[in-house]
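Taking it in order: structure first as structure tokens, then the write-up.
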Amino acid sequence: MSATLLAARQPRAVPGLQAKGGTVIAGGTLAVAGLNYGDSIGNPLIIVDGLGLDRIEVKGKKVTLGALVTMASIARDRRLKFLHPVANSIGGPAVRAMATIGGNLFAPAPYGDMAVALLALDAEVALHDGKAARKLPLETFLAQRKKLVRAFVTGVSFALPDAKDFRYTKIVRRKPVSASVVTIATFTPRKAGKIKSARIALGAMAPHAVRARKAELALEGKALDKTSIEAAAKAVAEGTAPADDAYATAWYRREIAPVHLKRLLGEAA
């Protein structure tokens, strides 16, 4: 098994190399797995680790993560303590040392746990299509990612949350390195005791991370109490499309998502 290795010198060069049949490789947790299974044999591998996209910036209330920032880097950064449980829930130490932010955005369910957290944080994705840079809301990016074959992810950005407003949990069959049965991230900021702009994101409940819109609506403008939490839990699985796989059935995922959302919101309350 062999592949041609190409080194990209700048972000705008990557889409052109992709158009020629190249496969982008940063950490390699997705691309190398595909190569090992024969999915990418014969395609050149585009190495992008020299583009300077491995920086973490926190300026005021804005966080910017380069596409090549690894889960291990996030877990070490004290400014990102609220994301430590997310990063540490992804694989073992070897995987976290390789897995990148950019790659996680393309991970299919039941993987892609960091994308779930970033969706709850209303993150924005920075892209380069070879001609110009642009940004997309993460929710839009996830819905369109299969169509964005000519665009290269350069990073993500989001507003730094108050620690009390953000919660995350990952339900697994086997710790510490199993894929997700269900992943949930919540953002429940409050003003005068009422929830404003609630966001609930789910992993392994669709082909990619999705918002639980009905559950968010059940919380909006309410106090975070037993009544609103019950209403959100009842609605959390509405509109989802989980799959049966080696980790859980779609039925089981729908059954346990409300239970774990109630626990997570109870902690926030």
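As shown in the structure tokens, the chain order sets the letters A, B, ...; within each chain, residues go from 1, and ligands are also counted from 1 in the order they appear.
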Would you pick out the contacts of A:Pro258 at 10 Å or less, using only C-alpha atoms, so that residues sharing its chain but fewer than 3 positions from it are not included, and give the list as a ChimeraX atom specification? /A:215,229-237,253-255,261-264
Within 10 Å of stretch 104-113 of chain A using only C-alpha atoms, minus same-chain residues under 4 positions, as a count of residues only: 48
Close residues, A:Ala72 itself excluded, 8 Å, only C-alpha atoms, min 6 positions apart in chain, as number ranges by chain: A: 87-88, 93, 96-98
I'd like the contact shell of A:Val58 - 10 Å cut-off, only C-alpha atoms, skipping same-chain residues fewer than 4 positions apart - returned as number ranges by chain. A: 62-65, 79-80, 157-160
Option closest in space to A:Lys191, from A:Pro161, A:Pro44, A:Gly221, A:Gly92 [counting only C-alpha atoms]: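 For A:Lys191, the nearest of the candidates is A:Gly221.
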Name the residues of stretch 36-230 of chain A that come out as helix (DSSP H, G or I) in a backbone DSSP run; write them as a ChimeraX atom specification. /A:36,71-76,78-88,93-98,101-104,113-120,138-144,163-165,213-219,226-230
Would you please work out which residue, of A:Gly60, A:Lys81, A:Ser73, A:Leu121, is nearest to A:Ala163 when using only C-alpha atoms?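 Smallest distance to A:Ala163 is found for A:Lys81.
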Point-to-point distance from atom CA of A:Phe166 to atom CA of A:Gly52, Å rounded to tenths: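 Going from atom CA of A:Phe166 over to atom CA of A:Gly52 covers 29.1 Å.
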Hey, what's within 8 Å of stretch 267-269 of chain A if we count only C-alpha atoms and toss same-chain stuff fewer than 2 positions away? As a ChimeraX atom specification, please? /A:164-167,188,224-225,263-265
Extract, using only C-alpha atoms, all DNA, RNA and protein residues at most 12 Å from A:Thr154, discarding same-chain residues fewer than 6 positions from it, and format them as number ranges by chain. A: 10-12, 14-15, 26, 48-49, 51-55, 64-69, 100-103, 105, 124-130, 132-136
With distances taken over only C-alpha atoms, which residue among A:Ala94, A:Ile56, A:Ile200, A:Arg76 lies nearest A:Asp122?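 Smallest distance to A:Asp122 is found for A:Ile200.
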Separating atom CA of A:Lys196 from atom CA of A:Leu219, to the nearest tenth of an Å, is a gap of 8.4 Å
So what do you get for atom CA of A:Phe152 versus atom CA of A:Ile46, distance-wise?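 One can read the atom CA of A:Phe152 to atom CA of A:Ile46 distance as 11.5 Å.
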Using DSSP on the backbone coordinates, identify all residues within stretch 38-231 of chain A classified as strand (DSSP E); present the result as a PyMOL selection string. chain A and resi 45-47+56-59+62-66+124-128+133-137+152-159+166-172+180-187+190-191+194-195+199-203+210-211
